[in-house]
Structures are given as structure tokens and as C-alpha cells.
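A.B. asks: Handing you this structure, nothing more for now.
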Amino acid sequence: MALRDEIALGGRLALVWGGVWGIAAAGDPLARVVAPPWRADPYAQYRRLSGAQRSRTGAVTVASHALVSQVLRDRRLGVRTADGSEPAPFARSPLPAEHLVTHTFLEEDPPNHTRLRGLARPAFGPKQIAGYRESVEKTTHRLLDDALAKPVFDLVADFASPLPIAVISDLLGVPDVDADTFLRYGRVLGASLDGIKSVRHARDLRDATGELQKLFLRLIEERTADPGPDVISTLVEALGRGELTEQELLSTCELLLIAGFETTSNLIGNAVHTFAAHPDQWAALRADPSLAPAAVDEVLRYESPVQMTQRLPHEDVEIGGVKARAGTLVACLLGAANRDPEVFTDPDRFDISRPDSGDHLSFSSGIHYCLGAPLARLEGEVALTALAERLPELKPVGRARWRKTVVIRGLTRYRLAR
Ligand code: HEM
């Protein structure tokens with residue numbers, strides 16, 4: 001990007017984010033979900049929201065479980081404008097056209113969404129994923145052997161991130177993974193779900209997507225010559241049959257890789273952080289490891305790694321009595337819906353024996369329901385079972401460091417003593 005473009009971009013971003021901060025300072029609940037310092041405690045902001053309401057940012061905010069679920073399943077709303085020309089605002093790139101990041105099927109409406117998701121789906125079915133258990137267990141114990149050899153380890157860098165990075169890379173067929181580099185790409189791309197924050201962020205995003213494209217272009221070439229049993233090979237075959245373009249293949253690989261570890265890493269980090277604050281629940285899990293699947297769901301409900309998503313009405317609609325014109329940003333607060341007292345009794349209590357914790361919306365709903373949910377659940381369950389067995393007491397050293405992002409909620413650093 002030329003210096004002149006960077007200065008112009010910096011000015012535009014300062015104006016946009018300064019405006020949001022001003023609206024937040026005046027008390028607007030949605031603006032306070034996204035602006036500092038209020039965003040540090042999203043749950044305090046959610047308590048001020050219920051049902052659907054209009055925000056002074058121009059968006060409509062949806063916070064109740066019933067309405068979030070309804071919006072996500074309503075086919076009159078999509079993730080692009082009705083004519084398909086523009087993605088929803090957070091996904092709009094402020095970068096000049098030559099640096100445009102391609103969009104993935106998470107940012108596509110039917111029929112493109114249906115076609116691309118259909119090509120990736122077979123690899124992520126519950127049966128296929130169940131076949132991965134043994135390999136996930138092996139990787140989990142190998143990483144814990146190394147982490148627990150240290151008197152103090154960083155849960156995020158030593159375990160919660162490298163585990164899902166290794167698992168998804170293996171599934172996709174990405175060899176010789178450098179977990180630290182992927183972690184850096186993941187942070188930059190994950191943060192972009194909040195919208196671009198600064199010129200530096202725009203630059204980092206361009207570099208990370210450029211590097212990932214280079215990597216996947218090389219792998220596509222290799223798998224075209226020598227296919228294997230991995231997801232990239234399957235997609236390369238579909239490319240050969242003309243079922244997707246090379247650009248779509250690249251963005252699908254990027255989505256599967258990044259969505260495959262960014263969120264799961266935060267699931268594991270958020271789980272351990274929450275259990276450390278609730279030692280009675282940790283003791284309950286240790287006493288009965290068969291509670292691990294329920295514990296994963298309760299963590300997903302209580303401290304969701306994805307707090308928010310967005311939709312655009314393709315026609316004028318009414319949501320819980322609030323009119324939303326075609327093209328209005330509808331912010332769906334998954335994290336608020338998961339603490340809706342109409343659905344979850346005493347919602348701010350973390351309780352792994354809760355009978356209905358699986359009713360959370362952390363994997364979204366409708367046609368974009370998380371493709372990797374069975375894999376995320378498997379990794380979460382294996383990780384928690386192994387930790388409960390090998391780390392009977394959770395002993396944090398210093399304070400956990402949280403990411404500054406809004407859509408993605410998770411830790412950057414969390415040190416624990418063995
Ligand atoms: C705890 C871990 C995870 C959480 C909380 C999570 C959450 C989500 C959410 C909320 C969405 C939908 C967003 C929307 O409706 O706008 C989504 C979509 C998606 N997720 Fe996950 N995810 C997780 C793990 C994974 C894993 C392991 C994969 C593996 C590749 C994955 C792949 C995807 C894909 C491909 C989509 C796009 C689906 C579509 O647009 O049809 N996710 N995820």
C-alpha cells in the first residue's frame with residue numbers, strides 16, 4: 001500500500017472508531033460491547049440488553065436466545081447484501097482493491113455457500129471426526145508431556161494453541177507446521193472479524209493472507225501431482241472437475257485452517273481459566289471424567305469463543321418488534337443469548353451438571369452452523385479429560401491476559417504452575 005493510501009486509511013479508521021467510542025461514551029449498549037474500556041466485561045454490557053433494540057450506531061442488536069436463534073435461521077437475512085455485491089460490514093475490507101482479501105463461504109449466501117460448504121462437509125461429519133480421537137489423544141499427551149516438564153508453562157502457547165493447530169493441519173494435509181507462525185496468522189485474521197482497527201492491522205492482514213495463499217498454492221500444486229487422503233486433495237479433485245475456482249479453493253483452505261484452530265484454542269483456554277475460578281467444578285470433573293462432554297458445552301455457553309456474528313436483511317424485516325430495513329447490520333450477540341435467563345436458570349453460574357448447557361448458540365444456527373462443531377467438541381473433551389487427569393490442581397501464576405478482540409473471546413497468555 002502506498003504511503004498516501006495508508007494515511008487516508010488511517011484517517012478513515014480513526015474517524016469510524018472515534019465515532020463508535022463517542023456513541024459508547026454516551027451510553028449506547030452495542031457500542032459499549034465493542035469499544036474500550038467497556039468491552040473488557042462484555043457480560044456487564046449484555047445485562048443492559050434484551051430482545052432486539054436499535055443502536056445509535058445504526059445497527060439492530062439482538063440479544064435474547066429466542067430472537068438470535070430466529071434471526072440465524074431466517075432465510076430472509078444473509079451474510080451479504082441482497083444483490084450479493086457487498087459482505088456484511090465487519091467483513092468489508094478497507095484495503096485498496098489490489099490487496100483485497102478473498103471472502104470465504106462463511107461470508108457467502110446461497111447458492112455459492114451451499115456449493116462450497118457441500119464440498120468441505122464430508123470431511124467434517126461426526127463419523128469421520130470420531131476416527132480422529134486416537135490421534136487427538138496422542139497429540140494431547142505429547143504436548144502435555146512437554147508442557148508439564150516445565151515448572152511453569154503457558155497454557156495458550158504450550159497447549160491450547162498447538163493442539164488444534166496440529167489437528168487441523170493434519171486433517172487438511174498441511175505438513176511441517178510452524179505453530180508459532182500459524183498462531184500469529186490466526187490472531188491477525190481472528191481480529192479482523194471485529195473490522196480493521198488500524199493501518200498496521202491492515203498491513204498485517206495483507207501479509208498473513210499473502211503468506212497463507214503462497215502456502216496453499218504450493219500445496220495445491222503438490223496434491224495435484226500427488227494426491228493424498230487429506231481435505232486439500234479432495235478439494236483439488238473438485239477443482240479438476242470444475243466444481244470450484246482456484247480462488248474459492250484458496251479461501252476455503254484458509255477458512256478451514258483458521259476457523260479450525262482460532263476458536264478451539266480459545267475454547268481450551270477459556271475452559272481452564274473458568275475451571276480455575278470454580279475449583280468445585282474442577283473437582284467434580286476430576287471425580288467423574290464422563291462429565292467432560294457436558295463440561296465442554298457449559299464452557300461454550302458460559303465463555304463462548306465466538307461472542308457475536310452479523311446478518312444483513314435482504315428485505316425489510318421486523319425482529320422482536322424492531323424494524324430492520326434491507327441492508328441494516330443486525331448484530332447477533334451469541335454470548336448474550338447464552339446467558340438469557342429465559343432459557344438458562346441462574347445464567348451467570350458456571351455449572352457443568354446443568355441439564356440444558358447444550359442449548360447454547362456458540363456454534364451459531366441455521367445454514368452457517370459451525371462445520372467443525374464435532375471436531376471442536378472432540379478436541380475440547382480430550383483436552384479436558386487429559387488435563388483433569390494430569391493437572392489435579394489448577395494453579396495460575398500471575399493474571400491471565402485477554403485478547404482485545406470482541407467477536408473472538410480468549411486468552412493470549414495464561415501461565416500455570418505444574
Ligand atoms: C470451539 C470451537 C468453535 C467455535 C466456538 C466455532 C464457532 C463458529 C460459529 C459461531 C460459526 C458461524 C458464524 C456465523 O453464523 O456467522 C462457525 C462457522 C464455521 N466454523 Fe466453527 N467454531 C469452532 C470450531 C471450528 C472448527 C474446529 C472448525 C474446523 C474446520 C470450524 C469450521 C467452521 C467453518 C468452516 C464455518 C463456516 C460454516 C458456514 O459458513 O457454513 N469451526 N463456527
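Ligands are numbered from 1 in the order shown, residues from 1 within each chain, and chains are lettered A, B, ... in the order they appear in the C-alpha cells.
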List all protein, DNA and RNA residues that have any atom at most 6 Å from ligand 1, counting only C-alpha atoms and all ligand atoms, and write the list as an MDAnalysis selection string.

C.D. replies: chainID A and resid 105:106 117 255:256 259:261 263:264 267 305:306 309 362:364 367:373 375:376

A.B. asks: As an MDAnalysis selection string, please: all residues of range 188-413 of chain A that backbone DSSP puts in strand (DSSP E).

C.D. replies: chainID A and resid 308:313 317:319 322:324 330:333 395:396 401:402 411:413

A.B. asks: DSSP on the backbone: what in range 156-324 of chain A comes out helix (DSSP H, G or I), as a PyMOL selection string?

C.D. replies: chain A and resi 156-160+162-172+179-194+199-225+231-240+246-277+279-287+289-302

A.B. asks: Name the closest residue to Pro89 in chain A among the candidates A:Cys253, A:Leu193, A:Ala26, A:Val406; distances are taken between atoms, counting only C-alpha atoms.

C.D. replies: A:Leu193

A.B. asks: Mind pulling up the distance from CA of Leu378 in chain A to CA of Leu249 in chain A?

C.D. replies: 26.1 Å

A.B. asks: In terms of the shortest atom-to-atom distance over only C-alpha atoms, which of A:Thr114, A:Ala63, A:Thr140, A:Glu134 is closest to Ala386 in chain A?

C.D. replies: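 Of the candidates, the smallest distance to Ala386 in chain A is held by A:Thr140.
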
A.B. asks: Using only C-alpha atoms, which residues sit within 9 Å of Arg75 in chain A once same-chain residues fewer than 6 positions away are excluded, as an MDAnalysis selection string?

C.D. replies: chainID A and resid 313:314 366:367

A.B. asks: Mind checking which residues fall within 8 Å of range 198-203 of chain A, counting only C-alpha atoms, ignoring those fewer than 3 positions away in the same chain, and posting them as JSON, numbers by chain?

C.D. replies: {"A": [6, 9, 10, 13, 14, 95, 188, 206, 207]}

A.B. asks: So that I can see what lies close to Asp176 in chain A, please list as a ChimeraX atom specification the residues with an atom at most 12 Å from it, counting only C-alpha atoms and leaving out residues fewer than 5 positions away in the same chain.

C.D. replies: /A:165-166,169-170,181-182,215,219

A.B. asks: Go ahead and write the residues just picked, N, CA and C atoms, as a CSV table (one decimal), in the first residue's frame.

C.D. replies:
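Resulting contents of part.csv:
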chain,number,residue,atom,x,y,z
A,165,ILE,N,-3.9,-26.6,16.3
A,165,ILE,CA,-3.2,-26.3,15.0
A,165,ILE,C,-2.7,-27.6,14.4
A,166,ALA,N,-2.2,-28.5,15.3
A,166,ALA,CA,-1.7,-29.8,14.8
A,166,ALA,C,-2.8,-30.6,14.2
A,169,SER,N,-4.2,-29.1,10.9
A,169,SER,CA,-3.2,-29.2,9.8
A,169,SER,C,-3.1,-30.6,9.3
A,170,ASP,N,-3.2,-31.6,10.2
A,170,ASP,CA,-3.1,-33.0,9.8
A,170,ASP,C,-4.3,-33.3,8.9
A,181,THR,N,4.0,-19.5,13.9
A,181,THR,CA,3.7,-18.7,12.7
A,181,THR,C,2.2,-18.7,12.5
A,182,PHE,N,1.6,-19.9,12.6
A,182,PHE,CA,0.1,-20.1,12.4
A,182,PHE,C,-0.6,-19.3,13.5
A,215,LEU,N,1.4,-20.5,0.7
A,215,LEU,CA,1.5,-21.9,1.2
A,215,LEU,C,0.5,-22.8,0.5
A,219,LEU,N,0.8,-26.2,-1.9
A,219,LEU,CA,0.2,-27.5,-1.6
A,219,LEU,C,-0.8,-27.9,-2.6
